[in-house]
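Okay, structure first, notes after.
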Amino acid sequence: MDVWLTIVSVFLSVLVVLADEAVEDGFCVGPDDCEAAVAGATNEDKPSGYREPLGITVKAHFAMACFWGVEATFGCQPGVVRVRAGYMGGEKETPTYKDLGDHTEAVEVEYDPYVTKYSELLKVFWKYHDYTAEYKTQYMSAIFYSDEEQRDLAEAGRRVREENGENVATKILPAKVFYRAENYHQKYFLRQHEQLVSELLLSEDDFMMSSITSRLLCYIAGPGEEADFLLEAESLGLSERQIDYILELMKTKQYEGCAP
């Protein structure tokens, strides 16, 4: 028995040495080591920790002439938990970007009803795209309602604008199946920053479903403002270096809303 204990002890000591060498050489063997090793990050760069928000969410669906820009528009609005790009409104089953059928590019917005209201999301919808423009079905302006309250609020917003003399092209339609778009469409503008994405240490599924990616997308490529970002940067588990990088991106972004 003593011999086996000695062998196991030596074996574990060797593993520890190899692990330390691996981290020093830029490789990692566990979550904590990976955080420090990714992109040569130092201990000062290590994220302080991030926890995905829990609780009840409600879904809203909007089409605003594109979906890359719409994701970025809603991602960091107050109360928004996550956003996803996809296809909606048509009859074709399992549409794809290259075989869209009669669907429209749309975004699914999950929000916390205790923090914000559907009426607040509608304000964002009307503000950030040209709802008077007539586009083909793929890019049309539309609100897909899930219940009578959403329908009534959407119709009230359209009615106000029509009474002001505007030619509103927005269609208000019952929500059907929302088909998630291909991975490369999800958080498209955030994906262009590969170094930052790699440091988030998220699987592909987590990248698409996480709240942090939705909110970062909005700050990097949407209407998110610097003051709001700084207020929640720590809760997003970002390092000082990552915060500085995002602030630099925000200085040069040119967000003008959504257009096909």
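Residue numbering restarts at 1 in every chain; chains get A, B, ... in the order shown in the structure tokens, and ligands count up from 1 in that same order.
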**Request:** Please return as a PyMOL selection string: the residues of range 140-187 of chain A that backbone DSSP assigns to strand (DSSP E).
**Result:** chain A and resi 141-145+171-174+179-180
**Message:** So that I can check the surroundings of range 242-250 of chain A, please list as a PyMOL selection string every protein, DNA and RNA residue that reaches within 12 Å of it, counting only C-alpha atoms and ignoring chain neighbours fewer than 2 positions away.
**Reply:** chain A and resi 39+41+44-48+189-190+192-193+195-200+215-240+252-255
Go ahead and write the residues just picked, N, CA and C atoms, as a short mmCIF file (atom, residue, chain, number, x, y, z; two decimals), in the first residue's frame.
data_model
loop_
_atom_site.label_atom_id
_atom_site.label_comp_id
_atom_site.auth_asym_id
_atom_site.auth_seq_id
_atom_site.Cartn_x
_atom_site.Cartn_y
_atom_site.Cartn_z
N ALA A 39 -4.57 34.80 -24.49
CA ALA A 39 -3.99 36.02 -25.06
C ALA A 39 -2.94 36.63 -24.16
N ALA A 41 -2.95 37.06 -20.98
CA ALA A 41 -3.52 37.94 -19.96
C ALA A 41 -2.77 37.77 -18.64
N GLU A 44 -3.80 40.84 -13.40
CA GLU A 44 -4.57 42.08 -13.33
C GLU A 44 -5.67 42.08 -14.38
N ASP A 45 -5.47 41.31 -15.48
CA ASP A 45 -6.43 41.28 -16.57
C ASP A 45 -7.56 40.30 -16.30
N LYS A 46 -7.40 39.42 -15.33
CA LYS A 46 -8.40 38.37 -15.13
C LYS A 46 -9.76 38.96 -14.81
N PRO A 47 -10.81 38.50 -15.51
CA PRO A 47 -12.16 38.98 -15.20
C PRO A 47 -12.52 38.67 -13.75
N SER A 48 -13.27 39.55 -13.14
CA SER A 48 -13.61 39.37 -11.73
C SER A 48 -14.73 38.36 -11.53
N PHE A 189 -21.42 41.82 -35.24
CA PHE A 189 -20.42 42.89 -35.07
C PHE A 189 -19.47 42.59 -33.92
N LEU A 190 -19.93 41.91 -32.90
CA LEU A 190 -19.06 41.51 -31.80
C LEU A 190 -18.07 40.45 -32.27
N GLN A 192 -16.49 40.22 -34.87
CA GLN A 192 -15.36 40.77 -35.60
C GLN A 192 -14.17 41.08 -34.69
N HIS A 193 -14.38 41.06 -33.40
CA HIS A 193 -13.32 41.33 -32.42
C HIS A 193 -12.92 40.00 -31.78
N GLN A 195 -10.20 38.65 -30.57
CA GLN A 195 -9.44 38.58 -29.32
C GLN A 195 -10.36 38.73 -28.12
N LEU A 196 -11.23 39.73 -28.16
CA LEU A 196 -12.17 39.94 -27.07
C LEU A 196 -13.09 38.74 -26.90
N VAL A 197 -13.60 38.22 -28.00
CA VAL A 197 -14.50 37.07 -27.95
C VAL A 197 -13.81 35.87 -27.32
N SER A 198 -12.56 35.63 -27.69
CA SER A 198 -11.85 34.47 -27.14
C SER A 198 -11.66 34.60 -25.63
N GLU A 199 -11.49 35.82 -25.15
CA GLU A 199 -11.27 36.03 -23.73
C GLU A 199 -12.55 35.86 -22.90
N LEU A 200 -13.70 35.87 -23.56
CA LEU A 200 -14.95 35.64 -22.82
C LEU A 200 -15.10 34.18 -22.40
N ARG A 215 -25.18 42.48 -24.53
CA ARG A 215 -24.94 43.82 -24.01
C ARG A 215 -23.66 44.41 -24.59
N LEU A 216 -22.61 43.62 -24.70
CA LEU A 216 -21.38 44.13 -25.31
C LEU A 216 -21.60 44.52 -26.76
N LEU A 217 -22.38 43.73 -27.48
CA LEU A 217 -22.69 44.04 -28.87
C LEU A 217 -23.30 45.43 -29.00
N CYS A 218 -24.22 45.76 -28.12
CA CYS A 218 -24.91 47.05 -28.16
C CYS A 218 -23.96 48.20 -27.87
N TYR A 219 -23.02 47.99 -26.94
CA TYR A 219 -22.07 49.05 -26.63
C TYR A 219 -21.04 49.24 -27.75
N ILE A 220 -20.64 48.14 -28.37
CA ILE A 220 -19.63 48.22 -29.42
C ILE A 220 -20.19 48.72 -30.74
N ALA A 221 -21.41 48.29 -31.08
CA ALA A 221 -21.94 48.58 -32.42
C ALA A 221 -23.33 49.19 -32.43
N GLY A 222 -23.92 49.41 -31.25
CA GLY A 222 -25.28 49.95 -31.18
C GLY A 222 -25.32 51.30 -30.49
N PRO A 223 -26.47 51.68 -29.98
CA PRO A 223 -26.64 52.99 -29.36
C PRO A 223 -26.18 53.09 -27.92
N GLY A 224 -25.62 52.01 -27.37
CA GLY A 224 -25.16 52.04 -25.98
C GLY A 224 -24.17 53.15 -25.74
N GLU A 225 -24.29 53.82 -24.59
CA GLU A 225 -23.48 54.98 -24.28
C GLU A 225 -22.41 54.66 -23.23
N GLU A 226 -21.34 55.46 -23.25
CA GLU A 226 -20.19 55.21 -22.39
C GLU A 226 -20.55 55.20 -20.91
N ALA A 227 -21.36 56.17 -20.48
CA ALA A 227 -21.71 56.26 -19.06
C ALA A 227 -22.44 55.01 -18.60
N ASP A 228 -23.35 54.50 -19.41
CA ASP A 228 -24.09 53.28 -19.05
C ASP A 228 -23.17 52.07 -19.01
N PHE A 229 -22.24 52.01 -19.97
CA PHE A 229 -21.30 50.90 -20.01
C PHE A 229 -20.45 50.87 -18.74
N LEU A 230 -19.95 52.01 -18.34
CA LEU A 230 -19.09 52.05 -17.16
C LEU A 230 -19.85 51.65 -15.90
N LEU A 231 -21.14 51.91 -15.86
CA LEU A 231 -21.94 51.53 -14.70
C LEU A 231 -22.07 50.02 -14.55
N GLU A 232 -22.07 49.29 -15.67
CA GLU A 232 -22.27 47.84 -15.56
C GLU A 232 -21.04 47.03 -15.95
N ALA A 233 -19.95 47.68 -16.30
CA ALA A 233 -18.75 46.96 -16.76
C ALA A 233 -18.26 45.96 -15.73
N GLU A 234 -18.24 46.36 -14.46
CA GLU A 234 -17.75 45.46 -13.41
C GLU A 234 -18.65 44.24 -13.28
N SER A 235 -19.97 44.44 -13.35
CA SER A 235 -20.89 43.32 -13.20
C SER A 235 -20.80 42.36 -14.39
N LEU A 236 -20.26 42.83 -15.51
CA LEU A 236 -20.07 41.96 -16.67
C LEU A 236 -18.80 41.13 -16.56
N GLY A 237 -18.03 41.36 -15.48
CA GLY A 237 -16.83 40.56 -15.25
C GLY A 237 -15.67 40.91 -16.16
N LEU A 238 -15.62 42.14 -16.64
CA LEU A 238 -14.57 42.55 -17.58
C LEU A 238 -13.32 43.02 -16.85
N SER A 239 -12.17 42.77 -17.43
CA SER A 239 -10.92 43.25 -16.87
C SER A 239 -10.71 44.72 -17.25
N GLU A 240 -9.75 45.36 -16.61
CA GLU A 240 -9.45 46.76 -16.92
C GLU A 240 -9.04 46.90 -18.38
N THR A 252 -15.10 55.32 -31.70
CA THR A 252 -15.01 55.36 -33.17
C THR A 252 -16.21 54.74 -33.88
N LYS A 253 -17.16 54.19 -33.13
CA LYS A 253 -18.30 53.55 -33.79
C LYS A 253 -19.18 54.61 -34.45
N GLN A 254 -19.85 54.19 -35.51
CA GLN A 254 -20.74 55.08 -36.25
C GLN A 254 -22.10 54.39 -36.37
N TYR A 255 -22.87 54.51 -35.32
CA TYR A 255 -24.18 53.86 -35.31
C TYR A 255 -25.25 54.82 -35.84
#
Find the nearest atom pair between each residue of range 101-125 of chain A and range 59-74 of chain A for residues within 6 Å, count only C-alpha atoms, give distances in Å to one decimal, sort rows by chain and ascending number, and present the table as a Markdown table.
| residue | atom | partner | partner_atom | distance |
| --- | --- | --- | --- | --- |
| A:Glu105 | CA | A:Phe67 | CA | 5.7 |
| A:Ala106 | CA | A:Ala63 | CA | 4.3 |
| A:Val107 | CA | A:Phe62 | CA | 5.5 |
| A:Glu108 | CA | A:His61 | CA | 4.7 |
| A:Val109 | CA | A:Ala60 | CA | 5.1 |
| A:Glu110 | CA | A:Lys59 | CA | 4.6 |
**Message:** From the options A:Leu202, A:Thr132, A:Cys258, A:Glu182, which residue's atoms come nearest to Gly165 in chain A, counting only C-alpha atoms?
**Reply:**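 That would be A:Thr132, the residue with the smallest distance to Gly165 in chain A.
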**Request:** If you run DSSP over the backbone, which residues in range 20-237 of chain A end up helix (DSSP H, G or I)? Put them as a VMD selection string.
**Result:** chain A and resid 20 to 24 31 to 40 43 to 45 68 to 74 118 to 127 137 to 139 148 to 163 183 to 185 188 to 191 194 to 199 204 to 209 211 to 221 226 to 232
**Request:** Identify which of the residues A:Thr116, A:Trp126, A:Lys136, A:Gly90 lies closest to Leu173 in chain A, counting only C-alpha atoms when measuring atom-to-atom distances.
**Result:**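 Checking each of A:Thr116, A:Trp126, A:Lys136, A:Gly90 against Leu173 in chain A, counting only C-alpha atoms, the winner is A:Gly90.
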**Atom pair CA of Thr137 in chain A / CA of Lys171 in chain A: separation (Å)** = 10.5 Å
